[in-house]
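Reproduced below: structure-v2.tsv, with TSV, C-alpha atoms and all ligand atoms.
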chain	number	residue	atom	x	y	z
R	93	MET	CA	46.95	44.83	-132.74
R	94	ASN	CA	46.97	47.83	-130.41
R	95	GLU	CA	46.58	45.73	-127.27
R	96	LEU	CA	49.51	43.56	-128.34
R	97	MET	CA	51.68	46.54	-129.27
R	98	ASN	CA	51.36	47.80	-125.70
R	99	HIS	CA	52.91	44.55	-124.51
R	100	THR	CA	55.71	44.01	-127.03
R	101	ALA	CA	59.32	44.55	-126.15
R	102	ASP	CA	61.56	47.12	-127.80
R	103	MET	CA	62.94	45.31	-130.86
R	104	GLY	CA	65.78	47.70	-131.63
R	105	GLN	CA	65.81	50.38	-134.30
R	106	ALA	CA	62.82	49.41	-136.42
R	107	GLU	CA	59.41	49.59	-134.81
R	108	MET	CA	57.88	46.14	-134.49
R	109	PHE	CA	55.58	45.28	-137.45
R	110	SER	CA	56.80	48.30	-139.46
R	111	LYS	CA	57.84	47.81	-143.09
R	112	ALA	CA	61.53	47.98	-142.12
R	113	TRP	CA	60.98	45.46	-139.34
R	114	TYR	CA	59.17	43.01	-141.65
R	115	ASN	CA	61.88	43.44	-144.28
R	116	GLU	CA	64.50	42.52	-141.72
R	117	TYR	CA	62.35	39.61	-140.54
R	118	PHE	CA	61.87	38.07	-143.99
R	119	ARG	CA	65.44	38.80	-145.13
R	120	ARG	CA	66.64	36.62	-142.25
R	121	ALA	CA	63.79	34.07	-142.20
R	122	ALA	CA	64.27	33.06	-145.84
R	123	GLU	CA	67.82	31.89	-145.06
R	124	SER	CA	67.30	30.50	-141.57
R	125	SER	CA	67.18	26.76	-140.91
R	126	ALA	CA	66.12	27.46	-137.29
R	127	HIS	CA	63.13	29.40	-138.63
R	128	SER	CA	62.27	26.48	-140.92
R	129	ARG	CA	62.35	24.08	-138.00
R	130	PHE	CA	60.29	26.50	-135.92
R	131	CYS	CA	57.58	26.77	-138.63
R	132	GLU	CA	57.52	23.03	-139.22
R	133	ALA	CA	57.03	22.39	-135.50
R	134	VAL	CA	54.55	25.18	-134.80
R	135	TYR	CA	52.41	25.29	-137.97
R	136	GLY	CA	52.75	21.69	-139.17
R	137	ARG	CA	54.63	22.74	-142.29
R	138	ASP	CA	57.30	25.32	-143.09
R	139	LEU	CA	55.77	28.03	-145.26
R	140	CYS	CA	57.84	30.81	-143.64
R	141	GLN	CA	54.70	31.89	-141.81
R	142	HIS	CA	54.37	34.89	-139.56
R	143	GLY	CA	50.65	34.56	-138.83
R	144	MET	CA	48.69	32.09	-136.71
R	145	MET	CA	47.15	29.79	-139.31
R	146	ASP	CA	48.03	26.13	-138.88
R	147	LEU	CA	47.90	23.53	-141.64
R	148	GLU	CA	44.41	22.33	-140.74
R	149	GLU	CA	43.01	25.85	-141.04
R	150	MET	CA	44.97	26.49	-144.25
R	151	ASP	CA	43.65	23.33	-145.88
R	152	PHE	CA	40.13	24.37	-144.89
R	153	LEU	CA	40.76	27.76	-146.52
R	154	ALA	CA	42.08	26.06	-149.68
R	155	SER	CA	38.88	23.99	-149.82
R	156	LEU	CA	36.88	27.24	-150.13
R	157	LEU	CA	38.75	28.27	-153.30
R	158	LYS	CA	37.98	26.93	-156.77
R	159	PRO	CA	40.22	26.16	-159.77
R	160	GLY	CA	40.68	29.15	-162.05
R	161	GLU	CA	39.26	31.70	-159.62
R	162	LYS	CA	40.84	35.15	-159.56
R	163	VAL	CA	42.08	35.74	-156.03
R	164	LEU	CA	43.76	38.66	-154.23
R	165	GLU	CA	45.71	38.01	-151.05
R	166	VAL	CA	46.50	41.00	-148.86
R	167	GLY	CA	49.53	40.71	-146.55
R	168	CYS	CA	51.04	37.68	-148.32
R	169	SER	CA	54.55	38.14	-146.86
R	170	ASN	CA	57.12	36.21	-148.95
R	171	GLY	CA	54.52	34.14	-150.74
R	172	TYR	CA	55.02	30.56	-149.58
R	173	VAL	CA	51.47	30.45	-148.20
R	174	THR	CA	50.20	31.95	-151.48
R	175	GLU	CA	52.01	29.26	-153.47
R	176	TYR	CA	50.60	26.54	-151.24
R	177	LEU	CA	47.02	27.79	-151.75
R	178	HIS	CA	47.57	28.17	-155.50
R	179	LYS	CA	48.86	24.60	-155.82
R	180	LYS	CA	46.19	23.11	-153.57
R	181	ALA	CA	43.17	24.98	-155.03
R	182	GLY	CA	44.29	25.72	-158.60
R	183	CYS	CA	43.27	29.39	-158.35
R	184	ARG	CA	45.17	32.39	-159.74
R	185	ILE	CA	46.47	34.64	-156.99
R	186	LEU	CA	47.93	38.13	-156.82
R	187	GLY	CA	49.73	38.55	-153.48
R	188	LEU	CA	50.30	41.99	-151.97
R	189	ASP	CA	52.58	43.09	-149.18
R	190	TYR	CA	54.47	46.26	-148.25
R	191	ALA	CA	57.64	44.39	-147.30
R	192	ASP	CA	59.54	44.77	-150.58
R	193	VAL	CA	62.21	42.28	-149.45
R	194	ALA	CA	59.49	39.62	-148.98
R	195	ILE	CA	57.81	40.48	-152.30
R	196	ALA	CA	61.17	40.26	-154.11
R	197	GLN	CA	61.71	36.76	-152.66
R	198	ALA	CA	58.25	35.66	-153.84
R	199	GLN	CA	58.79	37.16	-157.31
R	200	ALA	CA	62.20	35.51	-157.69
R	201	ARG	CA	60.80	32.06	-156.86
R	202	ASN	CA	57.81	32.45	-159.18
R	203	GLN	CA	59.29	33.92	-162.35
R	204	GLY	CA	57.49	32.60	-165.39
R	205	LYS	CA	54.20	31.98	-163.56
R	206	ALA	CA	52.56	35.27	-164.62
R	207	GLY	CA	48.84	34.72	-164.97
R	208	ALA	CA	48.85	32.12	-162.21
R	209	LEU	CA	50.88	33.67	-159.41
R	210	ASN	CA	51.92	37.29	-159.14
R	211	PHE	CA	53.28	39.42	-156.34
R	212	GLN	CA	53.27	43.18	-155.95
R	213	CYS	CA	54.57	45.62	-153.39
R	214	VAL	CA	51.59	47.62	-152.08
R	215	ASP	CA	51.00	49.52	-148.85
R	216	LEU	CA	47.51	48.42	-147.85
R	217	ILE	CA	46.81	51.64	-145.96
R	218	HIS	CA	48.18	54.27	-148.32
R	219	ASP	CA	48.02	52.73	-151.80
R	220	GLU	CA	45.11	51.87	-154.09
R	221	LEU	CA	44.47	48.14	-154.40
R	222	PRO	CA	45.47	46.90	-157.87
R	223	GLY	CA	42.92	45.32	-160.18
R	224	GLY	CA	39.32	44.37	-159.49
R	225	ASP	CA	36.60	41.83	-160.16
R	226	TYR	CA	38.18	39.35	-157.77
R	227	ASP	CA	36.30	36.13	-156.98
R	228	ALA	CA	37.90	36.08	-153.56
R	229	ILE	CA	40.03	38.34	-151.39
R	230	LEU	CA	42.05	36.67	-148.63
R	231	ALA	CA	43.43	38.28	-145.50
R	232	ILE	CA	45.35	35.88	-143.29
R	233	ASP	CA	46.34	37.70	-140.11
R	234	SER	CA	46.87	40.92	-142.05
R	235	ILE	CA	43.56	42.74	-141.44
R	236	TYR	CA	44.90	44.11	-138.13
R	237	PHE	CA	47.47	46.20	-140.01
R	238	MET	CA	45.05	47.90	-142.39
R	239	GLY	CA	43.48	50.31	-139.91
R	240	ASP	CA	39.78	50.68	-139.15
R	241	TYR	CA	37.90	47.42	-139.84
R	242	ASN	CA	34.83	49.16	-141.33
R	243	LYS	CA	36.89	51.17	-143.82
R	244	THR	CA	39.01	48.16	-144.72
R	245	LEU	CA	36.00	45.93	-145.34
R	246	ALA	CA	34.46	48.57	-147.62
R	247	LYS	CA	37.76	48.99	-149.48
R	248	LEU	CA	38.15	45.24	-150.07
R	249	ASN	CA	34.46	44.72	-150.88
R	250	ALA	CA	34.75	47.33	-153.67
R	251	ARG	CA	37.30	45.10	-155.49
R	252	LEU	CA	35.11	41.99	-155.52
R	253	GLN	CA	33.01	40.95	-158.42
R	254	PRO	CA	29.29	40.35	-157.75
R	255	GLY	CA	29.03	36.99	-156.03
R	256	GLY	CA	32.63	37.19	-154.81
R	257	ARG	CA	33.66	36.83	-151.19
R	258	MET	CA	36.21	37.96	-148.67
R	259	ILE	CA	37.84	35.35	-146.47
R	260	ILE	CA	39.35	36.88	-143.37
R	261	ALA	CA	41.20	34.96	-140.66
R	262	ALA	CA	41.49	36.96	-137.46
R	263	PHE	CA	41.89	36.55	-133.72
R	264	GLN	CA	40.10	38.36	-130.92
R	265	THR	CA	41.24	38.76	-127.35
R	266	LYS	CA	39.29	39.96	-124.35
R	267	GLU	CA	41.00	42.75	-122.43
R	268	GLU	CA	39.91	44.07	-119.02
R	269	SER	CA	37.77	46.79	-120.55
R	270	ASP	CA	35.90	44.33	-122.80
R	271	SER	CA	32.72	42.47	-121.95
R	272	ASP	CA	32.80	38.65	-121.96
R	273	ALA	CA	30.59	38.69	-125.08
R	274	ILE	CA	33.49	39.90	-127.24
R	275	LEU	CA	34.75	36.31	-127.43
R	276	SER	CA	31.46	34.85	-128.70
R	277	PRO	CA	30.68	34.20	-132.35
R	278	GLY	CA	28.64	37.16	-133.62
R	279	HIS	CA	30.18	39.59	-131.11
R	280	THR	CA	33.89	40.05	-131.92
R	281	ARG	CA	35.14	43.39	-133.23
R	282	MET	CA	35.12	41.91	-136.73
R	283	ASP	CA	31.50	40.77	-136.23
R	284	GLN	CA	30.57	44.27	-135.08
R	285	ALA	CA	32.09	45.82	-138.22
R	286	LEU	CA	30.47	43.25	-140.52
R	287	LYS	CA	27.06	43.79	-138.95
R	288	ALA	CA	27.39	47.58	-139.05
R	289	LEU	CA	27.93	47.31	-142.82
R	290	SER	CA	25.12	44.74	-143.30
R	291	PHE	CA	27.38	42.01	-144.70
R	292	HIS	CA	26.08	38.45	-144.96
R	293	TYR	CA	28.70	36.03	-143.70
R	294	ILE	CA	29.43	32.84	-141.87
R	295	GLN	CA	32.23	32.27	-139.42
R	296	HIS	CA	34.21	29.13	-138.73
R	297	ASP	CA	35.69	28.64	-135.30
R	298	PHE	CA	39.45	27.92	-135.10
R	299	THR	CA	39.84	28.80	-131.44
R	300	PRO	CA	41.38	25.46	-130.34
R	301	ASN	CA	43.90	25.79	-133.19
R	302	VAL	CA	45.00	29.30	-132.23
R	303	ARG	CA	45.33	28.47	-128.55
R	304	ASN	CA	47.42	25.43	-129.41
R	305	HIS	CA	49.41	27.58	-131.85
R	306	TRP	CA	50.53	30.08	-129.19
R	307	ILE	CA	51.46	27.44	-126.68
R	308	LYS	CA	53.68	25.73	-129.28
R	309	ASN	CA	54.99	29.09	-130.54
R	310	TYR	CA	56.07	29.92	-126.97
R	311	GLU	CA	57.66	26.51	-126.36
R	312	PHE	CA	59.56	26.18	-129.65
R	313	SER	CA	60.91	29.74	-129.59
R	314	ARG	CA	62.57	28.76	-126.34
R	315	SER	CA	63.75	25.27	-127.31
R	316	LEU	CA	65.25	26.62	-130.57
R	317	GLN	CA	66.69	29.80	-129.02
R	318	SER	CA	70.34	28.63	-129.10
R	319	GLU	CA	69.95	27.40	-132.69
R	320	PHE	CA	68.65	30.84	-133.74
R	321	ALA	CA	71.51	32.54	-131.87
R	322	GLY	CA	74.09	30.14	-133.34
R	323	GLU	CA	73.21	31.17	-136.89
R	324	GLY	CA	73.20	34.89	-135.95
R	325	ASN	CA	69.40	35.14	-136.02
R	326	ALA	CA	68.59	35.97	-132.41
R	327	PHE	CA	66.43	38.74	-133.93
R	328	LEU	CA	63.98	36.15	-135.31
R	329	CYS	CA	63.67	34.37	-131.99
R	330	GLU	CA	63.30	37.63	-130.05
R	331	ALA	CA	60.65	38.71	-132.55
R	332	ARG	CA	58.60	35.63	-131.71
R	333	MET	CA	59.20	35.95	-127.98
R	334	ALA	CA	58.13	39.59	-128.03
R	335	GLU	CA	54.57	38.52	-128.78
R	336	ASN	CA	54.16	34.89	-127.76
R	337	GLY	CA	54.15	35.43	-123.98
R	338	TRP	CA	51.19	37.81	-124.27
R	339	PHE	CA	49.29	35.46	-126.56
R	340	LYS	CA	50.10	32.34	-124.51
R	341	ASP	CA	48.69	34.03	-121.39
R	342	HIS	CA	45.47	34.77	-123.30
R	343	ALA	CA	45.37	31.21	-124.64
R	344	GLU	CA	45.76	29.74	-121.17
R	345	ARG	CA	43.20	32.11	-119.62
R	346	GLY	CA	40.71	31.29	-122.40
R	347	THR	CA	40.54	34.94	-123.48
R	348	LEU	CA	41.68	34.33	-127.08
R	349	VAL	CA	39.41	33.17	-129.93
R	350	ARG	CA	39.87	32.90	-133.68
R	351	PHE	CA	37.44	32.80	-136.57
R	352	MET	CA	37.60	32.52	-140.32
R	353	TYR	CA	34.94	34.89	-141.68
R	354	VAL	CA	33.57	34.04	-145.13
R	355	ILE	CA	31.83	37.21	-146.28
R	356	GLU	CA	29.57	37.67	-149.30
R	357	HIS	CA	30.08	40.65	-151.58
R	358	ASN	CA	27.76	43.50	-150.60
R	359	ALA	CA	26.61	45.22	-153.78
R	360	ASP	CA	24.77	47.95	-151.81
R	361	LEU	CA	27.83	49.19	-149.99
R	362	ALA	CA	29.17	52.46	-151.36
R	363	LEU	CA	32.84	53.27	-150.88
R	364	SER	CA	32.98	56.54	-148.95
F	401	LIG	C1	51.33	38.68	-139.32
F	401	LIG	S1	52.03	38.75	-140.93
F	401	LIG	C2	51.04	37.52	-141.77
F	401	LIG	C3	51.74	37.02	-142.99
F	401	LIG	C4	51.08	35.84	-143.69
F	401	LIG	N1	49.75	36.19	-144.15
F	401	LIG	C5	51.04	34.64	-142.78
F	401	LIG	O1	49.95	34.27	-142.33
F	401	LIG	O2	52.10	34.08	-142.50
F	401	LIG	C6	51.37	40.28	-141.57
F	401	LIG	C7	51.84	40.64	-142.96
F	401	LIG	O3	51.18	41.88	-143.32
F	401	LIG	C8	52.13	42.73	-143.93
F	401	LIG	N2	51.72	44.13	-143.71
F	401	LIG	C9	51.60	44.77	-142.52
F	401	LIG	N3	51.20	46.04	-142.72
F	401	LIG	C10	51.05	46.21	-144.06
F	401	LIG	C11	50.67	47.30	-144.87
F	401	LIG	N4	50.36	48.51	-144.38
F	401	LIG	N5	50.63	47.11	-146.21
F	401	LIG	C12	50.96	45.90	-146.75
F	401	LIG	N6	51.32	44.83	-146.02
F	401	LIG	C13	51.38	44.98	-144.69
F	401	LIG	C14	53.46	42.39	-143.28
F	401	LIG	O4	54.57	42.78	-144.08
F	401	LIG	C15	53.32	40.88	-143.10
F	401	LIG	O5	53.83	40.18	-144.21

Since I need it in another form, could you write the structure as structure tokens?
Amino acid sequence: MNELMNHTADMGQAEMFSKAWYNEYFRRAAESSAHSRFCEAVYGRDLCQHGMMDLEEMDFLASLLKPGEKVLEVGCSNGYVTEYLHKKAGCRILGLDYADVAIAQAQARNQGKAGALNFQCVDLIHDELPGGDYDAILAIDSIYFMGDYNKTLAKLNARLQPGGRMIIAAFQTKEESDSDAILSPGHTRMDQALKALSFHYIQHDFTPNVRNHWIKNYEFSRSLQSEFAGEGNAFLCEARMAENGWFKDHAERGTLVRFMYVIEHNADLALS
């Protein structure tokens, strides 16, 4: 996200994408009807999203999960996406996020579902990942926040059971210093990390979806701006506007791609 961070506006006291900033975001989003309308219009369904995954991509992801599987989701925010995947696929999911406000919302909604749906506050950079032997580990637009891709992939891989897989949804942009190849399947920064660590994987192209996403994100943040302001949630709208201009430019220039990487567990990879 470094390229994006260089282009985001000052969002007030909390640094954008920090724990405090995400707490403020989800504290407001959970109560905001403008945010609901925004998500419905932009993603195709309101799951209080803050990533880029539309309903088509999410349903494809759900189709990769099997009933009863033990799944870890990193960067689950306030858990609506997690609940959707759990209901659709019938898998058991532990969702992790460092935004304790978001995790508390998810826990409150899902009391009594222990064993099927659990949520835990974990800092993905500084804390150990809880549990192990996962059949699948999901990262939906959260891998950018975990630091170095190689280290993160090794850390997640170590929590998979043999035969398990990681499913990572991530975008790639081309900046001036990048070669054109960075946008091609097999050549993104994620591809480079996966190849360096000898992972076997396949990647599914969701580039048209992500380009469409940012154009709609840009348009609806503006058409709903007065509704956000009217309910005292200009912060939420400004948060979207702080990133959607940069992404929309990339979408329109054709310098934005997105892939879902489905990565086999690598038993030979030692955790350094
Ligand atoms: C772009 S949002 C994506 C949320 C959700 N997966 C979705 O698609 O709507 C990134 C999420 O990662 C979480 N996050 C960022 N840095 C984190 C960290 N160091 N540890 C745990 N969670 C983190 C944020 O709180 C946020 O919920």

Length of the CA of Thr174 in chain R to CA of Pro254 in chain R vector [Å]: 23.4 Å

Interatomic distance, CA of Leu289 in chain R to CA of His357 in chain R (Å, one decimal): 11.2 Å

Residues of chain R that approach ligand LIG 401 (chain F) to 8 Å or less, counting only C-alpha atoms and all ligand atoms: could you list each one with the shortest pair of atoms and its distance in Å to one decimal, rows by chain and increasing residue number, as JSON lines?
{"residue": "R:Phe109", "atom": "CA", "partner": "F:LIG401", "partner_atom": "C9", "distance": 6.5}
{"residue": "R:Ser110", "atom": "CA", "partner": "F:LIG401", "partner_atom": "N3", "distance": 6.9}
{"residue": "R:Lys111", "atom": "CA", "partner": "F:LIG401", "partner_atom": "O4", "distance": 6.1}
{"residue": "R:Tyr114", "atom": "CA", "partner": "F:LIG401", "partner_atom": "O4", "distance": 5.2}
{"residue": "R:Asn115", "atom": "CA", "partner": "F:LIG401", "partner_atom": "O4", "distance": 7.3}
{"residue": "R:Leu139", "atom": "CA", "partner": "F:LIG401", "partner_atom": "O2", "distance": 7.6}
{"residue": "R:Cys140", "atom": "CA", "partner": "F:LIG401", "partner_atom": "O2", "distance": 6.7}
{"residue": "R:Gln141", "atom": "CA", "partner": "F:LIG401", "partner_atom": "O2", "distance": 3.5}
{"residue": "R:His142", "atom": "CA", "partner": "F:LIG401", "partner_atom": "O2", "distance": 3.8}
{"residue": "R:Gly143", "atom": "CA", "partner": "F:LIG401", "partner_atom": "O1", "distance": 3.6}
{"residue": "R:Met144", "atom": "CA", "partner": "F:LIG401", "partner_atom": "O1", "distance": 6.2}
{"residue": "R:Met145", "atom": "CA", "partner": "F:LIG401", "partner_atom": "O1", "distance": 6.1}
{"residue": "R:Val166", "atom": "CA", "partner": "F:LIG401", "partner_atom": "N6", "distance": 6.8}
{"residue": "R:Gly167", "atom": "CA", "partner": "F:LIG401", "partner_atom": "O3", "distance": 3.8}
{"residue": "R:Cys168", "atom": "CA", "partner": "F:LIG401", "partner_atom": "N1", "distance": 4.6}
{"residue": "R:Ser169", "atom": "CA", "partner": "F:LIG401", "partner_atom": "O5", "distance": 3.4}
{"residue": "R:Asn170", "atom": "CA", "partner": "F:LIG401", "partner_atom": "O5", "distance": 7.0}
{"residue": "R:Val173", "atom": "CA", "partner": "F:LIG401", "partner_atom": "O2", "distance": 6.8}
{"residue": "R:Leu188", "atom": "CA", "partner": "F:LIG401", "partner_atom": "C12", "distance": 6.6}
{"residue": "R:Asp189", "atom": "CA", "partner": "F:LIG401", "partner_atom": "N6", "distance": 3.8}
{"residue": "R:Tyr190", "atom": "CA", "partner": "F:LIG401", "partner_atom": "C12", "distance": 3.8}
{"residue": "R:Ala191", "atom": "CA", "partner": "F:LIG401", "partner_atom": "O4", "distance": 4.7}
{"residue": "R:Ala194", "atom": "CA", "partner": "F:LIG401", "partner_atom": "O5", "distance": 7.4}
{"residue": "R:Cys213", "atom": "CA", "partner": "F:LIG401", "partner_atom": "C12", "distance": 7.6}
{"residue": "R:Val214", "atom": "CA", "partner": "F:LIG401", "partner_atom": "C12", "distance": 5.6}
{"residue": "R:Asp215", "atom": "CA", "partner": "F:LIG401", "partner_atom": "N5", "distance": 3.6}
{"residue": "R:Leu216", "atom": "CA", "partner": "F:LIG401", "partner_atom": "N5", "distance": 3.8}
{"residue": "R:Ile217", "atom": "CA", "partner": "F:LIG401", "partner_atom": "N4", "distance": 5.0}
{"residue": "R:His218", "atom": "CA", "partner": "F:LIG401", "partner_atom": "N4", "distance": 7.3}
{"residue": "R:Ala231", "atom": "CA", "partner": "F:LIG401", "partner_atom": "N1", "distance": 6.8}
{"residue": "R:Ile232", "atom": "CA", "partner": "F:LIG401", "partner_atom": "N1", "distance": 4.5}
{"residue": "R:Asp233", "atom": "CA", "partner": "F:LIG401", "partner_atom": "C2", "distance": 5.0}
{"residue": "R:Ser234", "atom": "CA", "partner": "F:LIG401", "partner_atom": "C6", "distance": 4.6}
{"residue": "R:Ile235", "atom": "CA", "partner": "F:LIG401", "partner_atom": "O3", "distance": 7.9}
{"residue": "R:Phe237", "atom": "CA", "partner": "F:LIG401", "partner_atom": "N3", "distance": 4.6}
{"residue": "R:Met238", "atom": "CA", "partner": "F:LIG401", "partner_atom": "N4", "distance": 5.7}

Exercise: Leu275 in chain R partners within 7 Å, all atoms listed in the file, chain neighbours under 6 positions left out, as a ChimeraX atom specification: /R:264-266,349

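Of the residues under consideration (R:Ile307, R:Leu153, R:Ala196, R:Val354), R:Val354 shows the shortest atom-to-atom contact distance to Leu286 in chain R when counting only C-alpha atoms.
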
Per-residue nearest contacts range 315-339 of chain R to range 120-131 of chain R, cut-off 10 Å, using all atoms listed in the file, as a Markdown table:
| residue | atom | partner | partner_atom | distance |
| --- | --- | --- | --- | --- |
| R:Ser315 | CA | R:Phe130 | CA | 9.4 |
| R:Leu316 | CA | R:Ala126 | CA | 6.8 |
| R:Gln317 | CA | R:Ala126 | CA | 8.6 |
| R:Ser318 | CA | R:Ala126 | CA | 9.3 |
| R:Glu319 | CA | R:Ala126 | CA | 6.0 |
| R:Phe320 | CA | R:Ala126 | CA | 5.5 |
| R:Ala321 | CA | R:Ala126 | CA | 9.2 |
| R:Gly322 | CA | R:Ala126 | CA | 9.3 |
| R:Glu323 | CA | R:Ser124 | CA | 7.6 |
| R:Gly324 | CA | R:Ser124 | CA | 9.3 |
| R:Asn325 | CA | R:Arg120 | CA | 7.0 |
| R:Phe327 | CA | R:Arg120 | CA | 8.6 |
| R:Leu328 | CA | R:Ala121 | CA | 7.2 |
| R:Cys329 | CA | R:His127 | CA | 8.3 |
